[in-house]
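Data file: protein24.cif. Format and content: mmCIF, C-alpha atoms.
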```cif
data_final
loop_
_atom_site.group_PDB
_atom_site.id
_atom_site.type_symbol
_atom_site.label_atom_id
_atom_site.label_comp_id
_atom_site.auth_asym_id
_atom_site.auth_seq_id
_atom_site.Cartn_x
_atom_site.Cartn_y
_atom_site.Cartn_z
ATOM 1 C CA MET A 21 94.807 100.712 122.390
ATOM 2 C CA ARG A 22 93.402 100.801 125.947
ATOM 3 C CA LYS A 23 89.910 99.969 124.744
ATOM 4 C CA GLU A 24 91.225 97.025 122.742
ATOM 5 C CA ARG A 25 93.123 95.691 125.781
ATOM 6 C CA LEU A 26 90.053 96.013 127.995
ATOM 7 C CA LEU A 27 87.908 94.195 125.440
ATOM 8 C CA ILE A 28 90.461 91.381 125.270
ATOM 9 C CA LEU A 29 90.533 91.083 129.090
ATOM 10 C CA LEU A 30 86.736 91.028 129.258
ATOM 11 C CA GLY A 31 86.597 88.352 126.583
ATOM 12 C CA THR A 32 89.126 86.145 128.429
ATOM 13 C CA LEU A 33 87.319 86.586 131.764
ATOM 14 C CA ILE A 34 83.939 85.717 130.261
ATOM 15 C CA ALA A 35 85.488 82.673 128.573
ATOM 16 C CA LEU A 36 86.927 81.538 131.930
ATOM 17 C CA ILE A 37 83.515 81.942 133.626
ATOM 18 C CA PHE A 38 81.798 79.857 130.972
ATOM 19 C CA PHE A 39 84.583 77.290 131.227
ATOM 20 C CA TYR A 40 84.159 76.922 135.002
ATOM 21 C CA ILE A 41 80.352 76.755 134.735
ATOM 22 C CA GLY A 42 80.603 74.099 132.023
ATOM 23 C CA LEU A 43 83.111 72.139 134.096
ATOM 24 C CA ASN A 44 80.783 72.166 137.114
ATOM 25 C CA LYS A 45 77.851 70.986 135.002
ATOM 26 C CA TRP A 46 79.998 68.276 133.483
ATOM 27 C CA LEU A 47 81.093 67.088 136.931
ATOM 28 C CA GLU A 48 77.497 67.059 138.154
ATOM 29 C CA SER A 49 76.321 65.133 135.095
ATOM 30 C CA LYS A 50 79.203 62.724 135.518
ATOM 31 C CA SER A 51 78.344 62.156 139.169
ATOM 32 C CA GLU A 52 74.708 61.497 138.189
ATOM 33 C CA SER A 53 75.707 59.162 135.354
ATOM 34 C CA VAL A 54 77.920 57.035 137.601
ATOM 35 C CA PRO A 55 75.968 53.878 138.300
ATOM 36 C CA PRO A 56 75.272 53.142 141.966
ATOM 37 C CA PRO A 57 77.523 50.615 143.537
ATOM 38 C CA VAL A 58 76.498 47.072 143.065
ATOM 39 C CA VAL A 59 75.180 45.682 146.279
ATOM 40 C CA VAL A 60 75.653 42.012 146.580
ATOM 41 C CA LYS A 61 72.747 40.634 148.453
ATOM 42 C CA PRO A 62 73.981 38.236 150.984
ATOM 43 C CA THR A 63 72.492 34.886 151.444
ATOM 44 C CA PRO A 64 69.589 34.919 153.790
ATOM 45 C CA PRO A 65 71.206 35.054 157.150
ATOM 46 C CA PRO A 66 69.830 33.541 160.226
ATOM 47 C CA PRO A 67 67.231 35.562 162.034
ATOM 48 C CA ALA A 68 69.747 36.655 164.622
ATOM 49 C CA SER A 69 71.617 39.002 162.205
ATOM 50 C CA PRO A 70 69.240 41.795 160.991
ATOM 51 C CA PRO A 71 71.608 44.681 161.792
ATOM 52 C CA GLN A 72 73.956 43.669 158.919
ATOM 53 C CA GLU A 73 71.264 44.355 156.305
ATOM 54 C CA GLU A 74 70.682 47.864 157.706
ATOM 55 C CA LYS A 75 74.406 48.612 157.522
ATOM 56 C CA ALA A 76 74.560 47.420 153.907
ATOM 57 C CA LYS A 77 71.656 49.724 153.016
ATOM 58 C CA GLU A 78 73.172 52.755 154.746
ATOM 59 C CA GLU A 79 76.636 52.471 153.159
ATOM 60 C CA PRO A 80 75.678 53.433 149.566
ATOM 61 C CA ARG A 81 73.743 56.442 150.847
ATOM 62 C CA VAL A 82 76.862 57.763 152.556
ATOM 63 C CA GLU A 83 78.874 57.333 149.343
ATOM 64 C CA GLU A 84 76.220 59.157 147.290
ATOM 65 C CA LYS A 85 76.252 62.095 149.719
ATOM 66 C CA LYS A 86 80.038 62.405 149.484
ATOM 67 C CA GLN A 87 79.994 62.712 145.680
ATOM 68 C CA THR A 88 77.273 65.371 145.340
ATOM 69 C CA PRO A 89 78.703 68.557 147.010
ATOM 70 C CA PRO A 90 80.659 70.758 144.512
ATOM 71 C CA PRO A 91 84.095 71.992 145.467
ATOM 72 C CA GLU A 92 84.099 75.378 147.205
ATOM 73 C CA PRO A 93 87.291 76.860 145.619
ATOM 74 C CA GLN A 94 85.530 77.095 142.236
ATOM 75 C CA LYS A 95 82.799 79.286 143.680
ATOM 76 C CA GLN A 96 85.429 81.579 145.190
ATOM 77 C CA LYS A 97 87.166 81.886 141.800
ATOM 78 C CA GLU A 98 83.888 82.706 140.090
ATOM 79 C CA ASP A 99 83.173 85.402 142.671
ATOM 80 C CA LEU A 100 86.645 86.906 142.140
ATOM 81 C CA ILE A 101 86.176 86.923 138.371
ATOM 82 C CA ALA A 102 82.802 88.647 138.697
ATOM 83 C CA GLN A 103 84.338 91.295 140.982
ATOM 84 C CA LYS A 104 87.133 91.977 138.480
ATOM 85 C CA ILE A 105 84.628 92.362 135.649
ATOM 86 C CA GLN A 106 82.618 94.876 137.661
ATOM 87 C CA GLU A 107 85.774 96.868 138.556
ATOM 88 C CA GLU A 108 86.824 97.034 134.907
ATOM 89 C CA LYS A 109 83.349 98.171 133.865
ATOM 90 C CA THR A 110 83.451 100.987 136.431
ATOM 91 C CA LYS A 111 86.897 102.031 135.160
ATOM 92 C CA GLU A 112 85.596 102.127 131.570
ATOM 93 C CA VAL A 113 82.616 104.253 132.632
ATOM 94 C CA GLN A 114 84.980 106.718 134.350
ATOM 95 C CA LYS A 115 87.337 106.905 131.357
ATOM 96 C CA THR A 116 84.654 107.370 128.686
ATOM 97 C CA PRO A 117 83.989 111.121 129.295
ATOM 98 C CA GLU A 118 87.715 111.910 129.289
ATOM 99 C CA SER A 119 88.246 109.998 126.053
ATOM 100 C CA LYS A 120 85.259 111.765 124.468
ATOM 101 C CA ASN A 121 86.720 115.158 125.364
ATOM 102 C CA LEU A 122 90.103 114.200 123.917
ATOM 103 C CA THR A 123 88.564 112.979 120.672
ATOM 104 C CA ALA A 124 86.509 116.165 120.345
ATOM 105 C CA GLN A 125 89.639 118.300 120.865
ATOM 106 C CA LYS A 126 91.545 116.290 118.271
ATOM 107 C CA GLN A 127 88.736 116.676 115.752
ATOM 108 C CA GLU A 128 88.628 120.446 116.300
ATOM 109 C CA ALA A 129 92.408 120.711 115.866
ATOM 110 C CA GLN A 130 92.221 118.701 112.631
ATOM 111 C CA LYS A 131 89.443 120.936 111.297
ATOM 112 C CA GLU A 132 91.463 124.082 112.091
ATOM 113 C CA SER A 133 94.575 122.689 110.412
ATOM 114 C CA GLU A 134 92.533 121.748 107.340
ATOM 115 C CA LYS A 135 91.125 125.289 107.166
ATOM 116 C CA VAL A 136 94.626 126.799 107.381
ATOM 117 C CA GLU A 137 95.882 124.476 104.631
ATOM 118 C CA LYS A 138 92.928 125.388 102.404
ATOM 119 C CA VAL A 139 93.625 129.115 102.898
ATOM 120 C CA LYS A 140 97.300 128.573 102.003
ATOM 121 C CA GLU A 141 96.409 126.600 98.885
ATOM 122 C CA GLU A 142 93.982 129.323 97.786
ATOM 123 C CA LYS A 143 96.667 131.986 98.257
ATOM 124 C CA VAL A 144 99.189 129.973 96.235
ATOM 125 C CA GLN A 145 96.658 129.446 93.464
ATOM 126 C CA LYS A 146 95.818 133.159 93.393
ATOM 127 C CA ASN A 147 99.504 134.103 93.214
ATOM 128 C CA THR A 148 100.144 131.680 90.364
ATOM 129 C CA VAL A 149 97.128 132.959 88.459
ATOM 130 C CA ALA A 150 98.244 136.563 88.999
ATOM 131 C CA LYS A 151 101.758 135.759 87.755
ATOM 132 C CA GLN A 152 100.383 134.042 84.690
ATOM 133 C CA GLU A 153 98.136 137.013 83.974
ATOM 134 C CA LYS A 154 101.042 139.454 84.325
ATOM 135 C CA GLN A 155 103.175 137.359 82.010
ATOM 136 C CA ALA A 156 100.337 137.259 79.492
ATOM 137 C CA GLU A 157 99.864 141.026 79.727
ATOM 138 C CA LYS A 158 103.551 141.785 79.087
ATOM 139 C CA PRO A 159 104.153 142.049 75.327
ATOM 140 C CA LYS A 160 107.024 140.007 74.002
ATOM 141 C CA ARG A 161 109.919 142.280 73.033
ATOM 142 C CA GLU A 162 112.303 141.613 70.232
ATOM 143 C CA VAL A 163 115.893 140.877 71.182
ATOM 144 C CA ARG A 164 118.264 143.196 69.330
ATOM 145 C CA GLU A 165 121.961 144.037 69.411
ATOM 146 C CA TYR A 166 122.722 147.573 70.573
ATOM 147 C CA VAL A 167 126.002 149.552 70.448
ATOM 148 C CA ILE A 168 126.297 151.602 73.623
ATOM 149 C CA GLN A 169 129.032 154.142 74.285
ATOM 150 C CA ILE A 170 130.099 154.120 77.926
ATOM 151 C CA GLY A 171 132.776 156.834 77.806
ATOM 152 C CA ALA A 172 134.988 159.178 75.760
ATOM 153 C CA PHE A 173 138.529 159.701 77.089
ATOM 154 C CA SER A 174 141.393 161.949 76.049
ATOM 155 C CA SER A 175 143.983 159.356 77.178
ATOM 156 C CA LYS A 176 144.100 155.827 75.863
ATOM 157 C CA GLU A 177 145.019 154.441 79.286
ATOM 158 C CA ASN A 178 141.687 155.522 80.795
ATOM 159 C CA ALA A 179 139.864 154.096 77.786
ATOM 160 C CA ASP A 180 141.666 150.764 78.215
ATOM 161 C CA ARG A 181 140.679 150.681 81.884
ATOM 162 C CA ALA A 182 137.008 151.305 81.067
ATOM 163 C CA LEU A 183 137.059 148.625 78.369
ATOM 164 C CA GLY A 184 138.677 146.121 80.730
ATOM 165 C CA LYS A 185 136.026 146.811 83.343
ATOM 166 C CA ALA A 186 133.239 146.322 80.788
ATOM 167 C CA LYS A 187 134.780 143.019 79.666
ATOM 168 C CA SER A 188 134.970 141.845 83.291
ATOM 169 C CA MET A 189 131.203 142.457 83.480
ATOM 170 C CA GLY A 190 130.670 140.190 80.449
ATOM 171 C CA TYR A 191 130.316 142.769 77.681
ATOM 172 C CA ARG A 192 132.071 142.730 74.298
ATOM 173 C CA GLY A 193 133.576 146.101 73.415
ATOM 174 C CA GLU A 194 136.074 148.154 71.443
ATOM 175 C CA ILE A 195 137.850 151.540 71.461
ATOM 176 C CA VAL A 196 137.131 153.955 68.611
ATOM 177 C CA ASN A 197 139.416 156.981 67.993
ATOM 178 C CA GLU A 198 137.031 159.716 66.936
ATOM 179 C CA ASP A 199 137.147 163.533 67.240
ATOM 180 C CA ASN A 200 140.473 163.349 69.114
ATOM 181 C CA PHE A 201 138.846 161.128 71.790
ATOM 182 C CA TYR A 202 139.149 157.483 72.637
ATOM 183 C CA LYS A 203 135.538 156.332 72.748
ATOM 184 C CA VAL A 204 134.683 153.030 74.489
ATOM 185 C CA ARG A 205 131.717 151.209 73.031
ATOM 186 C CA VAL A 206 130.165 147.866 73.970
ATOM 187 C CA ARG A 207 127.785 145.567 72.116
ATOM 188 C CA VAL A 208 124.772 144.218 74.010
ATOM 189 C CA LYS A 209 121.970 141.849 72.937
ATOM 190 C CA THR A 210 118.816 142.572 74.933
ATOM 191 C CA ASP A 211 115.057 143.103 74.712
ATOM 192 C CA ASP A 212 115.148 145.852 77.378
ATOM 193 C CA PRO A 213 117.800 148.483 76.467
ATOM 194 C CA LYS A 214 116.617 150.869 79.183
ATOM 195 C CA LYS A 215 117.554 148.399 81.867
ATOM 196 C CA VAL A 216 121.037 147.908 80.374
ATOM 197 C CA LEU A 217 121.571 151.691 80.074
ATOM 198 C CA ALA A 218 120.625 152.195 83.720
ATOM 199 C CA LYS A 219 123.134 149.529 84.767
ATOM 200 C CA LEU A 220 125.972 150.975 82.649
ATOM 201 C CA LYS A 221 125.262 154.544 83.812
ATOM 202 C CA ALA A 222 125.436 153.422 87.425
ATOM 203 C CA THR A 223 128.819 151.749 86.754
ATOM 204 C CA PHE A 224 130.567 154.160 84.367
ATOM 205 C CA GLY A 225 128.708 157.429 85.032
ATOM 206 C CA GLY A 226 127.207 157.644 81.551
ATOM 207 C CA ALA A 227 125.937 155.557 78.644
ATOM 208 C CA ILE A 228 124.514 156.438 75.206
ATOM 209 C CA ILE A 229 122.981 154.175 72.555
ATOM 210 C CA LYS A 230 124.855 154.760 69.329
ATOM 211 C CA GLN A 231 123.199 152.125 67.195
#
```

Have the structure of the file written as structure tokens, please.
Amino acid sequence: MRKERLLILLGTLIALIFFYIGLNKWLESKSESVPPPVVVKPTPPPPASPPQEEKAKEEPRVEEKKQTPPPEPQKQKEDLIAQKIQEEKTKEVQKTPESKNLTAQKQEAQKESEKVEKVKEEKVQKNTVAKQEKQAEKPKREVREYVIQIGAFSSKENADRALGKAKSMGYRGEIVNEDNFYKVRVRVKTDDPKKVLAKLKATFGGAIIKQ
């Protein structure tokens, strides 16, 4: 943004200089193109009046001299404009090394950030590939329904409590009276019965696949 502003200022200053120079030339050409004043020759005077002719000849010369000198304030303005242009050029020369250093630092930071992003993307790609490979390596297991016994109780109350707990965990179950015991069994559909057994053992203290 600073460079653009400086370029705009330089352009306006140069345009003003050319404008003033063109104006001066136009004024000079105008002063040259103005026809000299018409001198009316008087009738031949008597011999006693020669000084009047000399005065008539000198008057147009004085008028011509008054029109030729250019106005001084324009020269002063041109000098001020030239000084401002030189000051701005010196400022630009001083700022250029600092701006170069800043741009170099920004470029280095961008390169480092791009490298970090590339490393992250490579890691993500490797992880996704590894997950896909693991999933491909794992054989698909068949989902089956298993009957798992989670306890055998002498009292029906304890069996009811165990069954209620299993139902609260989302299992379907029943109580079977067998060998003078109330056996609590649940039905589970899964492709990994070992995992289910480990969970039920941790909750009820024991679990056996019956079917």

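Ranking A:Gln169, A:Gln145, A:Asn197, A:Ser188 by their shortest atom-to-atom distance to Ile229 of chain A, with all atoms listed in the file included, puts A:Gln169 first.
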
Would you mind listing what lies within 7 Å of segment 207-216 of chain A as a ChimeraX atom specification, with all atoms listed in the file counted and same-chain residues fewer than 5 positions away left out? /A:161-168,191-193

Given the file shown, enumerate the residues that the PyMOL selection byres ((chain A and resi 170) around 9) captures and present them as a PyMOL selection string. chain A and resi 168-169+171-172+182-183+186+203-206+220-221+224-229

Please produce a file of the residues just selected, as a compact mmCIF listing (two decimals), keeping the file's coordinate frame, where the atoms kept are C-alpha atoms.
```txt
# COMPACT_ATOMS: atom_id res chain seq x y z
CA ILE A 168 126.30 151.60 73.62
CA GLN A 169 129.03 154.14 74.28
CA GLY A 171 132.78 156.83 77.81
CA ALA A 172 134.99 159.18 75.76
CA ALA A 182 137.01 151.30 81.07
CA LEU A 183 137.06 148.62 78.37
CA ALA A 186 133.24 146.32 80.79
CA LYS A 203 135.54 156.33 72.75
CA VAL A 204 134.68 153.03 74.49
CA ARG A 205 131.72 151.21 73.03
CA VAL A 206 130.16 147.87 73.97
CA LEU A 220 125.97 150.98 82.65
CA LYS A 221 125.26 154.54 83.81
CA PHE A 224 130.57 154.16 84.37
CA GLY A 225 128.71 157.43 85.03
CA GLY A 226 127.21 157.64 81.55
CA ALA A 227 125.94 155.56 78.64
CA ILE A 228 124.51 156.44 75.21
CA ILE A 229 122.98 154.18 72.56
```

Separation of atom CA of Lys104 of chain A from atom CA of Leu47 of chain A, in Å and rounded to one decimal: 25.7 Å

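When atom CA of Leu26 of chain A is paired with atom CA of Thr110 of chain A, their separation reads 11.8 Å.
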
The residue from A:Glu198, A:Glu177, A:Glu98, A:Glu108 with the smallest atom-to-atom distance to Leu27 of chain A, counting only C-alpha atoms, is A:Glu108

What is the distance, in Å and to one decimal place, between atom CA of Lys230 of chain A and atom CA of Leu217 of chain A?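 Separating atom CA of Lys230 of chain A from atom CA of Leu217 of chain A is a distance of 11.6 Å.
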
Shortest interatomic distance to Ile28 of chain A - which of A:Ala150, A:Leu100, A:Ala218, A:Ile105, counting all atoms listed in the file: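 Nearest candidate to Ile28 of chain A out of A:Ala150, A:Leu100, A:Ala218, A:Ile105: A:Ile105.
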